[in-house]
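Raw contents of query_13.pdb, PDB, C-alpha atoms, pLDDT in the B column:
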```pdb
MODEL        1
ATOM      1  CA  MET F   3       0.000   0.000   0.000  1.00 40.00           C
ATOM      2  CA  SER F   4       1.622   3.275  -1.135  1.00 42.00           C
ATOM      3  CA  ILE F   5       0.584   6.707   0.094  1.00 44.00           C
ATOM      4  CA  ASN F   6       0.591   9.573  -2.398  1.00 43.00           C
ATOM      5  CA  PRO F   7      -0.016  12.994  -0.923  1.00 44.00           C
ATOM      6  CA  THR F   8      -2.216  15.121  -3.171  1.00 44.00           C
ATOM      7  CA  LYS F   9      -2.791  18.842  -2.934  1.00 41.00           C
ATOM      8  CA  GLU F  10      -6.269  20.380  -2.874  1.00 43.00           C
ATOM      9  CA  VAL F  11      -6.759  24.121  -3.233  1.00 42.00           C
ATOM     10  CA  VAL F  12      -9.490  25.800  -1.230  1.00 42.00           C
ATOM     11  CA  HIS F  13     -10.080  29.517  -1.985  1.00 41.00           C
ATOM     12  CA  PHE F  14     -10.813  31.838   0.914  1.00 41.00           C
ATOM     13  CA  SER F  15     -11.160  35.578   0.249  1.00 43.00           C
ATOM     14  CA  GLY F  16      -8.493  35.705  -2.423  1.00 44.00           C
ATOM     15  CA  ASN F  17      -5.972  33.546  -0.590  1.00 41.00           C
ATOM     16  CA  CYS F  18      -5.230  29.944  -1.362  1.00 39.00           C
ATOM     17  CA  ARG F  19      -5.206  27.428   1.448  1.00 41.00           C
ATOM     18  CA  TYR F  20      -3.519  24.129   0.743  1.00 38.00           C
ATOM     19  CA  LEU F  21      -4.565  20.915   2.364  1.00 37.00           C
ATOM     20  CA  LEU F  22      -2.301  17.937   2.059  1.00 35.00           C
ATOM     21  CA  VAL F  23      -4.349  14.817   1.797  1.00 40.00           C
ATOM     22  CA  ALA F  24      -2.802  11.394   2.054  1.00 38.00           C
ATOM     23  CA  SER F  25      -4.520   8.937  -0.202  1.00 40.00           C
ATOM     24  CA  ALA F  26      -3.778   5.249  -0.232  1.00 39.00           C
ATOM     25  CA  ASN F  27      -4.269   3.059  -3.282  1.00 42.00           C
ATOM     26  CA  THR F  28      -7.073   1.116  -1.698  1.00 46.00           C
ATOM     27  CA  ALA F  29     -10.742   0.673  -2.401  1.00 45.00           C
ATOM     28  CA  SER F  30     -11.659   3.431   0.069  1.00 50.00           C
ATOM     29  CA  SER F  31      -9.400   5.960  -1.680  1.00 51.00           C
ATOM     30  CA  LYS F  32     -10.966   5.039  -5.018  1.00 52.00           C
ATOM     31  CA  GLN F  33     -14.381   5.774  -3.515  1.00 51.00           C
ATOM     32  CA  LYS F  34     -13.090   9.156  -2.369  1.00 52.00           C
ATOM     33  CA  MET F  35     -11.840   9.909  -5.864  1.00 53.00           C
ATOM     34  CA  ALA F  36     -15.265   8.976  -7.225  1.00 53.00           C
ATOM     35  CA  GLY F  37     -16.778  11.921  -5.322  1.00 57.00           C
ATOM     36  CA  GLN F  38     -17.321  10.483  -1.854  1.00 67.00           C
ATOM     37  CA  GLU F  39     -15.351  12.521   0.671  1.00 70.00           C
ATOM     38  CA  ASP F  40     -14.269  11.617   4.128  1.00 91.00           C
ATOM     39  CA  PRO F  41     -16.698  13.181   6.668  1.00 90.00           C
ATOM     40  CA  VAL F  42     -13.842  15.186   8.185  1.00 93.00           C
ATOM     41  CA  GLN F  43     -12.835  16.507   4.748  1.00 93.00           C
ATOM     42  CA  ARG F  44     -16.452  17.358   3.992  1.00 92.00           C
ATOM     43  CA  GLU F  45     -16.693  19.229   7.291  1.00 94.00           C
ATOM     44  CA  ILE F  46     -13.475  21.122   6.531  1.00 94.00           C
ATOM     45  CA  HIS F  47     -14.721  22.064   3.068  1.00 94.00           C
ATOM     46  CA  GLN F  48     -18.074  23.147   4.511  1.00 95.00           C
ATOM     47  CA  ASP F  49     -16.282  25.190   7.185  1.00 96.00           C
ATOM     48  CA  TRP F  50     -14.195  26.991   4.540  1.00 96.00           C
ATOM     49  CA  ALA F  51     -17.300  27.603   2.445  1.00 95.00           C
ATOM     50  CA  ASN F  52     -19.079  29.047   5.496  1.00 96.00           C
ATOM     51  CA  ARG F  53     -16.083  31.232   6.323  1.00 97.00           C
ATOM     52  CA  GLU F  54     -15.940  32.508   2.745  1.00 97.00           C
ATOM     53  CA  TYR F  55     -19.677  33.249   2.825  1.00 97.00           C
ATOM     54  CA  ILE F  56     -19.301  35.119   6.132  1.00 97.00           C
ATOM     55  CA  GLU F  57     -16.362  37.069   4.672  1.00 97.00           C
ATOM     56  CA  VAL F  58     -18.450  38.099   1.643  1.00 97.00           C
ATOM     57  CA  ILE F  59     -21.367  39.180   3.846  1.00 98.00           C
ATOM     58  CA  THR F  60     -19.039  41.077   6.207  1.00 98.00           C
ATOM     59  CA  SER F  61     -17.351  42.810   3.299  1.00 97.00           C
ATOM     60  CA  SER F  62     -20.724  43.782   1.820  1.00 98.00           C
ATOM     61  CA  ILE F  63     -21.910  45.188   5.141  1.00 98.00           C
ATOM     62  CA  LYS F  64     -18.699  47.218   5.453  1.00 98.00           C
ATOM     63  CA  LYS F  65     -19.174  48.603   1.925  1.00 98.00           C
ATOM     64  CA  ILE F  66     -22.766  49.575   2.730  1.00 98.00           C
ATOM     65  CA  ALA F  67     -21.667  51.251   5.982  1.00 98.00           C
ATOM     66  CA  ASP F  68     -18.884  53.123   4.156  1.00 98.00           C
ATOM     67  CA  PHE F  69     -21.355  54.304   1.513  1.00 98.00           C
ATOM     68  CA  LEU F  70     -23.871  55.443   4.120  1.00 98.00           C
ATOM     69  CA  ASN F  71     -21.178  57.332   6.066  1.00 98.00           C
ATOM     70  CA  SER F  72     -19.963  58.986   2.867  1.00 98.00           C
ATOM     71  CA  PHE F  73     -23.528  59.860   1.867  1.00 98.00           C
ATOM     72  CA  ASP F  74     -24.191  61.293   5.336  1.00 98.00           C
ATOM     73  CA  MET F  75     -21.109  63.520   5.172  1.00 98.00           C
ATOM     74  CA  SER F  76     -21.984  64.672   1.661  1.00 98.00           C
ATOM     75  CA  CYS F  77     -25.566  65.520   2.674  1.00 98.00           C
ATOM     76  CA  ARG F  78     -24.423  67.358   5.795  1.00 98.00           C
ATOM     77  CA  SER F  79     -21.956  69.405   3.748  1.00 98.00           C
ATOM     78  CA  ARG F  80     -24.535  70.302   1.115  1.00 98.00           C
ATOM     79  CA  LEU F  81     -27.148  71.164   3.739  1.00 98.00           C
ATOM     80  CA  ALA F  82     -24.643  73.393   5.553  1.00 98.00           C
ATOM     81  CA  THR F  83     -23.911  75.228   2.288  1.00 98.00           C
ATOM     82  CA  LEU F  84     -27.629  75.679   1.606  1.00 98.00           C
ATOM     83  CA  ASN F  85     -28.156  76.901   5.164  1.00 98.00           C
ATOM     84  CA  GLU F  86     -25.465  79.548   4.719  1.00 98.00           C
ATOM     85  CA  LYS F  87     -27.030  80.713   1.443  1.00 98.00           C
ATOM     86  CA  LEU F  88     -30.505  80.850   3.002  1.00 98.00           C
ATOM     87  CA  THR F  89     -29.203  82.800   5.994  1.00 98.00           C
ATOM     88  CA  ALA F  90     -27.547  85.316   3.663  1.00 98.00           C
ATOM     89  CA  LEU F  91     -30.772  85.670   1.648  1.00 98.00           C
ATOM     90  CA  GLU F  92     -32.857  86.113   4.813  1.00 98.00           C
ATOM     91  CA  ARG F  93     -30.528  88.876   6.013  1.00 98.00           C
ATOM     92  CA  ARG F  94     -30.704  90.588   2.643  1.00 97.00           C
ATOM     93  CA  ILE F  95     -34.526  90.398   2.630  1.00 96.00           C
ATOM     94  CA  GLU F  96     -34.650  91.860   6.150  1.00 95.00           C
ATOM     95  CA  TYR F  97     -32.333  94.678   5.074  1.00 93.00           C
ATOM     96  CA  ILE F  98     -34.433  95.461   1.978  1.00 92.00           C
ATOM     97  CA  GLU F  99     -37.668  95.341   4.033  1.00 92.00           C
ATOM     98  CA  ALA F 100     -36.164  97.774   6.568  1.00 91.00           C
ATOM     99  CA  ARG F 101     -35.143 100.192   3.805  1.00 89.00           C
ATOM    100  CA  VAL F 102     -38.581 100.001   2.176  1.00 90.00           C
ATOM    101  CA  THR F 103     -40.391 100.706   5.459  1.00 88.00           C
ATOM    102  CA  LYS F 104     -38.168 103.767   6.043  1.00 87.00           C
ATOM    103  CA  GLY F 105     -38.950 105.012   2.528  1.00 82.00           C
ATOM    104  CA  GLU F 106     -35.357 104.910   1.306  1.00 72.00           C
ATOM    105  CA  THR F 107     -34.578 104.255  -2.324  1.00 68.00           C
ATOM    106  CA  LEU F 108     -33.162 100.847  -3.131  1.00 62.00           C
ATOM    107  CA  THR F 109     -30.414 102.065  -5.466  1.00 61.00           C
TER
ENDMDL
END
```
Written form, structure tokens:
Amino acid sequence: MSINPTKEVVHFSGNCRYLLVASANTASSKQKMAGQEDPVQREIHQDWANREYIEVITSSIKKIADFLNSFDMSCRSRLATLNEKLTALERRIEYIEARVTKGETLT
């Protein structure tokens, strides 16, 4: 019975993780090669798939939070600019109203 280590690549958020798997030339290893995995291997693969899924969800949530923070800052800045313009217009209207009530010319 000879043991040949084989290399399986599992992708996780852009990085490659290598698992060395010893496979013997027996009937059980032929079953594994036919698509039937060892329960431990299946659990490991499922764990990596779950971790990758969690990483994708976490990354998406971070992107949404970053967008919302950026949007908030942009809105606050624009509202502050509009507030300054409105304040200036209100002051100008008050000034013009005061001049009109006194009977002064507007020129």
Atom-to-atom span, CA of Ser76 (chain F) and CA of Ser62 (chain F), Å: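 Distance reported for this atom pair: 20.9 Å.
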Calculate how many Å separate CA of Arg80 (chain F) from CA of Ile95 (chain F), rounding to one decimal.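 According to the coordinates, CA of Arg80 (chain F) and CA of Ile95 (chain F) are separated by 22.5 Å.
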Take every atom of region 83-87 of chain F listed in the file, pad by 4 Å on each side, and give me the axis-aligned box centre and edge lengths in Å, one decimal, as JSON.
```
{"center_x": -26.0, "center_y": 78.0, "center_z": 3.3, "size_x": 12.2, "size_y": 13.5, "size_z": 11.7}
```
